[in-house]
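Next up, structure.cif (mmCIF, C-alpha atoms and all ligand atoms):
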```
data_entry
#
loop_
_atom_site.label_atom_id
_atom_site.label_comp_id
_atom_site.auth_asym_id
_atom_site.auth_seq_id
_atom_site.Cartn_x
_atom_site.Cartn_y
_atom_site.Cartn_z
CA MET A 1 51.84 -71.23 41.79
CA GLU A 2 53.70 -68.62 39.92
CA SER A 3 51.00 -68.76 37.17
CA TYR A 4 48.20 -68.61 39.78
CA TRP A 5 49.44 -65.26 41.16
CA SER A 6 50.17 -63.77 37.76
CA ASP A 7 46.71 -64.90 36.44
CA LEU A 8 45.04 -63.36 39.49
CA ALA A 9 46.91 -60.11 38.95
CA LEU A 10 45.78 -60.09 35.30
CA LEU A 11 42.19 -60.73 36.35
CA ASP A 12 42.33 -57.90 38.88
CA TRP A 13 43.67 -55.61 36.18
CA GLN A 14 40.80 -56.54 33.79
CA VAL A 15 38.19 -55.99 36.53
CA GLU A 16 39.78 -52.63 37.15
CA LEU A 17 39.35 -51.86 33.44
CA GLY A 18 35.61 -52.63 33.69
CA ALA A 19 35.32 -56.32 32.74
CA VAL A 20 32.32 -57.79 34.56
CA ASP A 21 31.54 -61.11 32.82
CA ALA A 22 33.66 -63.98 31.62
CA ILE A 23 32.10 -65.06 28.30
CA GLY A 24 34.72 -67.54 27.05
CA ASP A 25 37.74 -69.49 28.11
CA ALA A 26 39.95 -68.30 25.22
CA PRO A 27 40.71 -64.60 24.58
CA VAL A 28 39.39 -63.09 21.31
CA ASP A 29 41.00 -60.10 19.58
CA ARG A 30 37.84 -58.34 18.42
CA THR A 31 39.68 -55.49 16.71
CA ALA A 32 40.91 -58.08 14.19
CA LEU A 33 37.36 -59.25 13.37
CA GLU A 34 36.50 -57.10 10.26
CA ALA A 35 33.60 -59.33 9.31
CA VAL A 36 31.63 -58.67 12.47
CA LYS A 37 31.80 -54.84 12.18
CA PRO A 38 28.19 -53.56 12.02
CA ALA A 39 27.02 -52.51 8.49
CA PRO A 40 26.31 -48.79 8.14
CA LYS A 41 22.64 -47.95 8.75
CA ALA A 42 20.60 -47.32 5.61
CA ALA A 43 20.38 -43.57 6.28
CA GLU A 44 24.15 -43.30 6.80
CA ALA A 45 24.84 -45.32 3.66
CA LYS A 46 22.78 -42.89 1.47
CA ALA A 47 24.62 -40.20 -0.52
CA PRO A 48 24.42 -36.82 1.24
CA PRO A 49 21.73 -34.44 -0.12
CA PRO A 50 22.99 -31.91 -2.69
CA PRO A 51 23.99 -28.60 -1.12
CA VAL A 52 21.34 -25.83 -1.25
CA THR A 53 22.76 -23.24 -3.64
CA THR A 54 21.97 -19.54 -3.57
CA GLU A 55 20.76 -19.96 -7.16
CA ALA A 56 18.09 -22.40 -6.01
CA LEU A 57 16.91 -19.88 -3.41
CA ASP A 58 16.87 -16.87 -5.75
CA PRO A 59 13.26 -15.58 -5.62
CA VAL A 60 13.45 -14.06 -9.11
CA ARG A 61 14.59 -17.37 -10.55
CA LEU A 62 11.88 -19.24 -8.66
CA ALA A 63 9.30 -16.74 -9.93
CA ARG A 64 10.58 -17.19 -13.50
CA ASP A 65 10.30 -20.97 -13.24
CA ALA A 66 6.78 -20.77 -11.75
CA ALA A 67 5.59 -18.27 -14.37
CA ALA A 68 7.14 -20.15 -17.30
CA ALA A 69 5.34 -23.35 -16.29
CA ALA A 70 1.92 -21.66 -16.57
CA ALA A 71 0.26 -22.62 -19.86
CA ASP A 72 -2.70 -20.24 -19.59
CA LEU A 73 -3.97 -17.28 -17.58
CA GLU A 74 -5.75 -19.47 -15.06
CA ALA A 75 -2.58 -21.45 -14.35
CA LEU A 76 -0.59 -18.22 -14.13
CA ALA A 77 -3.02 -16.76 -11.60
CA LYS A 78 -2.68 -19.89 -9.48
CA ALA A 79 1.12 -19.94 -9.74
CA GLN A 80 1.36 -16.27 -8.75
CA ALA A 81 -1.19 -16.58 -5.94
CA ASP A 82 0.80 -19.52 -4.55
CA PHE A 83 4.13 -17.67 -4.72
CA ASP A 84 5.16 -17.10 -1.11
CA LEU A 85 8.41 -15.14 -1.31
CA CYS A 86 6.94 -11.67 -1.83
CA GLU A 87 6.72 -10.02 1.59
CA VAL A 88 3.73 -7.80 0.72
CA LYS A 89 1.57 -10.91 0.30
CA ARG A 90 1.48 -11.33 4.08
CA GLY A 91 -0.26 -8.01 4.71
CA ALA A 92 -2.78 -8.24 1.86
CA ARG A 93 -6.38 -9.37 2.18
CA ASN A 94 -6.82 -10.47 -1.41
CA PHE A 95 -4.85 -11.56 -4.43
CA VAL A 96 -5.66 -9.15 -7.27
CA PHE A 97 -4.88 -10.70 -10.63
CA SER A 98 -6.77 -8.91 -13.41
CA ASP A 99 -10.02 -7.56 -14.72
CA GLY A 100 -11.48 -6.92 -18.13
CA THR A 101 -11.37 -8.86 -21.35
CA PRO A 102 -8.56 -11.42 -21.79
CA GLY A 103 -7.43 -11.17 -25.41
CA ALA A 104 -8.32 -7.45 -25.66
CA ARG A 105 -6.15 -5.35 -27.95
CA VAL A 106 -5.20 -3.06 -25.05
CA MET A 107 -3.58 -4.25 -21.82
CA ILE A 108 -3.13 -1.77 -18.98
CA LEU A 109 -0.40 -2.25 -16.41
CA GLY A 110 -0.80 -0.36 -13.14
CA GLU A 111 1.27 -0.35 -9.97
CA ALA A 112 -0.44 -2.31 -7.19
CA PRO A 113 -3.86 -2.67 -5.62
CA GLY A 114 -5.00 -0.01 -3.17
CA ALA A 115 -7.39 -0.47 -0.24
CA ASN A 116 -10.52 -0.82 -2.43
CA GLU A 117 -8.87 -3.27 -4.81
CA ASP A 118 -7.56 -5.29 -1.86
CA ARG A 119 -11.10 -5.49 -0.46
CA VAL A 120 -12.79 -6.38 -3.77
CA GLY A 121 -10.02 -8.48 -5.36
CA LYS A 122 -10.06 -6.56 -8.69
CA PRO A 123 -7.68 -3.93 -10.03
CA PHE A 124 -8.64 -0.27 -10.44
CA VAL A 125 -12.02 -0.24 -8.72
CA GLY A 126 -11.42 2.80 -6.46
CA GLU A 127 -11.46 6.48 -7.37
CA ALA A 128 -8.45 6.19 -9.68
CA GLY A 129 -10.08 3.19 -11.35
CA GLN A 130 -13.26 5.13 -11.98
CA LEU A 131 -11.26 7.90 -13.62
CA LEU A 132 -9.45 5.25 -15.69
CA ASP A 133 -12.81 3.89 -16.89
CA ARG A 134 -13.88 7.40 -17.94
CA MET A 135 -10.59 7.98 -19.76
CA LEU A 136 -10.97 4.71 -21.65
CA ALA A 137 -14.62 5.42 -22.47
CA ALA A 138 -13.52 8.71 -24.05
CA ILE A 139 -11.72 6.70 -26.77
CA GLY A 140 -14.37 3.99 -27.08
CA LEU A 141 -12.80 1.38 -24.78
CA ASP A 142 -14.58 -0.47 -21.99
CA ARG A 143 -13.24 -3.14 -19.64
CA ALA A 144 -16.70 -4.76 -19.57
CA ALA A 145 -16.85 -5.15 -23.37
CA GLN A 146 -16.53 -8.73 -24.64
CA ASP A 147 -15.34 -7.62 -28.07
CA PRO A 148 -11.49 -7.65 -27.93
CA GLY A 149 -11.43 -4.55 -30.19
CA GLN A 150 -13.41 -2.54 -27.65
CA GLY A 151 -12.39 -4.33 -24.50
CA VAL A 152 -9.45 -3.69 -22.17
CA TYR A 153 -7.47 -6.10 -20.03
CA ILE A 154 -6.15 -4.65 -16.75
CA THR A 155 -3.51 -5.83 -14.29
CA ASN A 156 -0.82 -4.49 -11.95
CA VAL A 157 2.88 -5.08 -11.37
CA LEU A 158 2.07 -6.31 -7.85
CA PRO A 159 -1.02 -8.46 -7.21
CA TRP A 160 -1.00 -7.64 -3.49
CA ARG A 161 -1.54 -4.32 -1.76
CA PRO A 162 1.67 -2.99 -0.20
CA PRO A 163 1.17 -1.97 3.43
CA GLY A 164 -0.06 1.60 3.69
CA ASN A 165 -0.16 1.87 -0.14
CA ALA A 166 3.61 2.34 -0.15
CA THR A 167 5.43 2.41 -3.47
CA PRO A 168 6.47 -1.20 -4.12
CA GLY A 169 10.10 -1.96 -3.25
CA LYS A 170 12.65 -3.00 -5.86
CA ALA A 171 12.98 -6.59 -4.63
CA ASP A 172 9.22 -7.14 -4.70
CA VAL A 173 8.96 -5.65 -8.19
CA ALA A 174 11.88 -7.78 -9.43
CA MET A 175 10.24 -11.02 -8.30
CA MET A 176 6.89 -10.05 -9.85
CA VAL A 177 8.35 -9.09 -13.25
CA PRO A 178 8.53 -12.72 -14.51
CA PHE A 179 4.81 -13.07 -13.75
CA VAL A 180 4.01 -9.81 -15.54
CA GLU A 181 6.06 -10.87 -18.56
CA ARG A 182 4.24 -14.19 -18.74
CA HIS A 183 0.95 -12.38 -18.19
CA VAL A 184 1.63 -10.17 -21.21
CA ALA A 185 2.66 -13.15 -23.34
CA LEU A 186 -0.51 -15.08 -22.46
CA ALA A 187 -2.90 -12.12 -22.77
CA ALA A 188 -1.15 -11.19 -26.05
CA PRO A 189 -2.41 -7.61 -26.41
CA ASP A 190 -1.56 -5.47 -29.46
CA VAL A 191 -0.62 -2.57 -27.21
CA LEU A 192 0.48 -2.07 -23.60
CA VAL A 193 -0.19 1.02 -21.50
CA LEU A 194 2.23 1.62 -18.62
CA MET A 195 0.40 3.61 -15.96
CA GLY A 196 3.01 5.58 -14.02
CA ASN A 197 6.52 5.07 -12.78
CA THR A 198 6.29 1.61 -11.23
CA PRO A 199 5.31 -0.22 -14.45
CA CYS A 200 7.86 1.84 -16.39
CA GLY A 201 10.58 0.81 -13.94
CA ALA A 202 9.45 -2.80 -14.02
CA MET A 203 9.24 -3.18 -17.80
CA LEU A 204 11.80 -0.65 -19.04
CA GLY A 205 14.24 -0.43 -16.13
CA ARG A 206 13.86 3.35 -15.97
CA GLN A 207 11.46 5.89 -14.53
CA GLY A 208 10.60 9.55 -15.03
CA ILE A 209 6.99 9.48 -16.20
CA THR A 210 6.84 13.23 -16.85
CA ARG A 211 9.53 12.84 -19.51
CA MET A 212 8.55 9.38 -20.70
CA ARG A 213 4.79 9.77 -21.09
CA GLY A 214 3.43 10.07 -24.60
CA THR A 215 6.44 8.44 -26.29
CA TRP A 216 5.94 4.94 -27.68
CA VAL A 217 8.48 2.35 -26.60
CA GLU A 218 8.76 -1.39 -27.15
CA VAL A 219 8.06 -3.85 -24.35
CA LEU A 220 8.35 -7.61 -24.95
CA GLY A 221 8.06 -6.99 -28.69
CA ARG A 222 4.88 -4.92 -28.39
CA PRO A 223 4.30 -1.15 -28.62
CA ALA A 224 3.90 0.34 -25.15
CA LEU A 225 2.79 3.81 -24.10
CA PRO A 226 3.84 5.29 -20.75
CA MET A 227 1.06 7.49 -19.35
CA PHE A 228 0.35 9.40 -16.16
CA HIS A 229 -1.30 7.22 -13.53
CA PRO A 230 -4.95 8.19 -12.94
CA ALA A 231 -4.23 8.65 -9.21
CA TYR A 232 -1.68 11.31 -10.23
CA LEU A 233 -4.30 12.94 -12.47
CA LEU A 234 -6.71 13.13 -9.52
CA ARG A 235 -4.09 15.15 -7.62
CA ASN A 236 -2.82 17.15 -10.61
CA THR A 237 -5.79 18.00 -12.76
CA ALA A 238 -3.68 20.19 -15.05
CA ALA A 239 -1.92 17.05 -16.28
CA LYS A 240 -5.20 15.75 -17.74
CA ARG A 241 -4.37 17.74 -20.86
CA GLU A 242 -1.31 15.54 -21.52
CA ALA A 243 -3.31 12.44 -20.57
CA TRP A 244 -5.88 13.35 -23.21
CA ALA A 245 -3.13 13.69 -25.84
CA ASP A 246 -1.84 10.24 -24.84
CA LEU A 247 -5.31 8.70 -25.11
CA LEU A 248 -5.61 10.10 -28.62
CA ALA A 249 -2.19 8.64 -29.47
CA LEU A 250 -3.42 5.26 -28.18
CA LYS A 251 -6.59 5.49 -30.29
CA ALA A 252 -4.55 6.39 -33.40
CA LYS A 253 -2.15 3.48 -32.80
CA LEU A 254 -5.05 1.01 -32.57
CA ARG A 255 -6.53 2.42 -35.77
CA ASP A 256 -3.22 2.26 -37.67
CA MET A 257 -2.06 -1.15 -36.49
CA PRO A 258 -2.93 -4.07 -38.76
N1 LIG B 301 -3.61 1.92 -8.55
C1 LIG B 301 -3.02 0.97 -9.29
O1 LIG B 301 -1.93 1.14 -9.80
N2 LIG B 301 -3.67 -0.18 -9.44
C2 LIG B 301 -4.85 -0.43 -8.92
O2 LIG B 301 -5.37 -1.51 -9.12
C3 LIG B 301 -5.45 0.59 -8.17
C4 LIG B 301 -4.81 1.76 -7.98
#
```

Final structure tokens representation of the file:
Amino acid sequence: MESYWSDLALLDWQVELGAVDAIGDAPVDRTALEAVKPAPKAAEAKAPPPPVTTEALDPVRLARDAAAAAADLEALAKAQADFDLCEVKRGARNFVFSDGTPGARVMILGEAPGANEDRVGKPFVGEAGQLLDRMLAAIGLDRAAQDPGQGVYITNVLPWRPPGNATPGKADVAMMVPFVERHVALAAPDVLVLMGNTPCGAMLGRQGITRMRGTWVEVLGRPALPMFHPAYLLRNTAAKREAWADLLALKAKLRDMP
């Protein structure tokens, strides 16, 4: 009888704890049953993904990797067009890669497309571009010429038009520099012309075109000549005199180089 009342009290206590079904006559200590613990699910068992490092997210590093993987100009154009971390890309209508003769002795590096270039998808097609064509023609160069000795290859630091034609920001320039460097290596010109402050800043890390113009420097192992940008010459016609001197220096360099 004693056992009957104590068993009933135990049963009451278990019901109070939430037991609803009797599934066996003998008690089982399930905490002692290691073997029946469920195996971890496949996803839980996998090693955790590696942490995302700031290095992996660095846009300049990503640009360098993308540019370095391009084996020719076509692949470089695709890699740059696909690069999504440059904010100005969002506001641009077109990707503006280059114009002229790949392999030409002279490569011109401008700043960024303007409204006309953005519409057409080619660099230097607006008023400044037309002046540039006349300047080049004055020393026997022509972007339409197939002959690399007479032809010119033209590109910009930025391939997208900055909103409102603003001067490109430092971060945007920094992430485009690896593409420009690869562009120069693949186009392999004898001589580079840096048109204005933005390409000087991008390739030389310094600006001050009024002081720098007309003095040859070295960029990526090639002679480079900083010159006034044609858009500046349209606004400051008196500076055309210096631009003419620089064009003659370019012509002399091409003549004297092996
Ligand atoms: N100015 C530039 O620097 N590049 C262009 O393509 C047009 C205007």

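CA of Gly126 (chain A) lies 18.9 Å from CA of Ala243 (chain A).
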
Produce the centre coordinates and the three edge lengths, each in Å to one decimal, of the box along x, y and z that contains all listed atoms of region 185-194 of chain A with 4 Å added on each side, as JSON.
```
{"center_x": -0.1, "center_y": -6.7, "center_z": -24.0, "size_x": 13.6, "size_y": 24.7, "size_z": 18.8}
```

Task: At most 9 Å from ligand LIG 301 (chain B) (only C-alpha atoms and all ligand atoms): residue list as a PyMOL selection string - done: chain A and resi 96+98+109-118+122-129+154-159+161+195-196+198-199+229-231

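The space between CA of Ala67 (chain A) and CA of Gly151 (chain A) spans 24.9 Å.
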
Open item on the list: Just to confirm, what's the straight-line distance from CA of Val173 (chain A) to CA of Ala202 (chain A) in Å (one decimal)?
Closed with: 6.5 Å

Every residue with an atom at most 12 Å from (-5.6, 4.0, -25.3) (file coordinates; only C-alpha atoms) is what I'm after, so could you write them as a short mmCIF file (atom, residue, chain, number, x, y, z; two decimals) with C-alpha atoms, in the coordinates of the input?
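File produced: part16.cif:
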```
data_model
loop_
_atom_site.label_atom_id
_atom_site.label_comp_id
_atom_site.auth_asym_id
_atom_site.auth_seq_id
_atom_site.Cartn_x
_atom_site.Cartn_y
_atom_site.Cartn_z
CA ALA A 104 -8.32 -7.45 -25.66
CA ARG A 105 -6.15 -5.35 -27.95
CA VAL A 106 -5.20 -3.06 -25.05
CA MET A 107 -3.58 -4.25 -21.82
CA ILE A 108 -3.13 -1.77 -18.98
CA LEU A 132 -9.45 5.25 -15.69
CA ASP A 133 -12.81 3.89 -16.89
CA ARG A 134 -13.88 7.40 -17.94
CA MET A 135 -10.59 7.98 -19.76
CA LEU A 136 -10.97 4.71 -21.65
CA ALA A 137 -14.62 5.42 -22.47
CA ALA A 138 -13.52 8.71 -24.05
CA ILE A 139 -11.72 6.70 -26.77
CA GLY A 140 -14.37 3.99 -27.08
CA LEU A 141 -12.80 1.38 -24.78
CA ASP A 142 -14.58 -0.47 -21.99
CA ARG A 143 -13.24 -3.14 -19.64
CA GLY A 149 -11.43 -4.55 -30.19
CA GLN A 150 -13.41 -2.54 -27.65
CA GLY A 151 -12.39 -4.33 -24.50
CA VAL A 152 -9.45 -3.69 -22.17
CA TYR A 153 -7.47 -6.10 -20.03
CA ASP A 190 -1.56 -5.47 -29.46
CA VAL A 191 -0.62 -2.57 -27.21
CA LEU A 192 0.48 -2.07 -23.60
CA VAL A 193 -0.19 1.02 -21.50
CA LEU A 194 2.23 1.62 -18.62
CA MET A 195 0.40 3.61 -15.96
CA GLY A 214 3.43 10.07 -24.60
CA TRP A 216 5.94 4.94 -27.68
CA PRO A 223 4.30 -1.15 -28.62
CA ALA A 224 3.90 0.34 -25.15
CA LEU A 225 2.79 3.81 -24.10
CA PRO A 226 3.84 5.29 -20.75
CA MET A 227 1.06 7.49 -19.35
CA ALA A 243 -3.31 12.44 -20.57
CA TRP A 244 -5.88 13.35 -23.21
CA ALA A 245 -3.13 13.69 -25.84
CA ASP A 246 -1.84 10.24 -24.84
CA LEU A 247 -5.31 8.70 -25.11
CA LEU A 248 -5.61 10.10 -28.62
CA ALA A 249 -2.19 8.64 -29.47
CA LEU A 250 -3.42 5.26 -28.18
CA LYS A 251 -6.59 5.49 -30.29
CA ALA A 252 -4.55 6.39 -33.40
CA LYS A 253 -2.15 3.48 -32.80
CA LEU A 254 -5.05 1.01 -32.57
CA ARG A 255 -6.53 2.42 -35.77
#
```

Tell me, counting all atoms listed in the file, for each residue of region 131-230 of chain A within 9 Å of region 68-75 of chain A, which pair of atoms is nearest and how far apart they are in Å to one decimal, in rows ordered by chain and increasing number, as a Markdown table.
```
| residue | atom | partner | partner_atom | distance |
| --- | --- | --- | --- | --- |
| A:Pro178 | CA | A:Ala68 | CA | 8.1 |
| A:Phe179 | CA | A:Ala68 | CA | 8.3 |
| A:Arg182 | CA | A:Ala68 | CA | 6.8 |
| A:His183 | CA | A:Leu73 | CA | 7.0 |
| A:Leu186 | CA | A:Asp72 | CA | 6.3 |
| A:Ala187 | CA | A:Leu73 | CA | 7.4 |
```

Could you add N, CA and C atoms to region 83-95 of chain A and give me the result as an mmCIF file, in the coordinates of the input?
```
data_model
loop_
_atom_site.group_PDB
_atom_site.id
_atom_site.type_symbol
_atom_site.label_atom_id
_atom_site.label_comp_id
_atom_site.auth_asym_id
_atom_site.auth_seq_id
_atom_site.Cartn_x
_atom_site.Cartn_y
_atom_site.Cartn_z
ATOM 1 N N PHE A 83 2.731 -18.087 -4.913
ATOM 2 C CA PHE A 83 4.130 -17.670 -4.720
ATOM 3 C C PHE A 83 4.270 -16.982 -3.360
ATOM 4 N N ASP A 84 5.132 -17.540 -2.520
ATOM 5 C CA ASP A 84 5.160 -17.100 -1.110
ATOM 6 C C ASP A 84 6.337 -16.207 -0.735
ATOM 7 N N LEU A 85 7.176 -15.846 -1.690
ATOM 8 C CA LEU A 85 8.410 -15.140 -1.310
ATOM 9 C C LEU A 85 8.284 -13.623 -1.339
ATOM 10 N N CYS A 86 7.128 -13.113 -1.756
ATOM 11 C CA CYS A 86 6.940 -11.670 -1.830
ATOM 12 C C CYS A 86 6.330 -11.221 -0.483
ATOM 13 N N GLU A 87 7.098 -10.409 0.230
ATOM 14 C CA GLU A 87 6.720 -10.020 1.590
ATOM 15 C C GLU A 87 5.334 -9.364 1.668
ATOM 16 N N VAL A 88 4.988 -8.561 0.635
ATOM 17 C CA VAL A 88 3.730 -7.800 0.720
ATOM 18 C C VAL A 88 2.513 -8.729 0.779
ATOM 19 N N LYS A 89 2.696 -9.947 0.295
ATOM 20 C CA LYS A 89 1.570 -10.910 0.300
ATOM 21 C C LYS A 89 1.001 -11.079 1.713
ATOM 22 N N ARG A 90 1.907 -11.051 2.698
ATOM 23 C CA ARG A 90 1.480 -11.330 4.080
ATOM 24 C C ARG A 90 0.474 -10.320 4.610
ATOM 25 N N GLY A 91 0.618 -9.051 4.168
ATOM 26 C CA GLY A 91 -0.260 -8.010 4.710
ATOM 27 C C GLY A 91 -1.525 -7.806 3.890
ATOM 28 N N ALA A 92 -1.641 -8.503 2.747
ATOM 29 C CA ALA A 92 -2.780 -8.240 1.860
ATOM 30 C C ALA A 92 -3.968 -9.137 2.205
ATOM 31 N N ARG A 93 -5.167 -8.579 1.942
ATOM 32 C CA ARG A 93 -6.380 -9.370 2.180
ATOM 33 C C ARG A 93 -6.678 -10.268 1.005
ATOM 34 N N ASN A 94 -6.446 -9.744 -0.189
ATOM 35 C CA ASN A 94 -6.820 -10.470 -1.410
ATOM 36 C C ASN A 94 -5.703 -10.478 -2.431
ATOM 37 N N PHE A 95 -5.715 -11.477 -3.263
ATOM 38 C CA PHE A 95 -4.850 -11.560 -4.430
ATOM 39 C C PHE A 95 -5.621 -10.899 -5.585
#
```
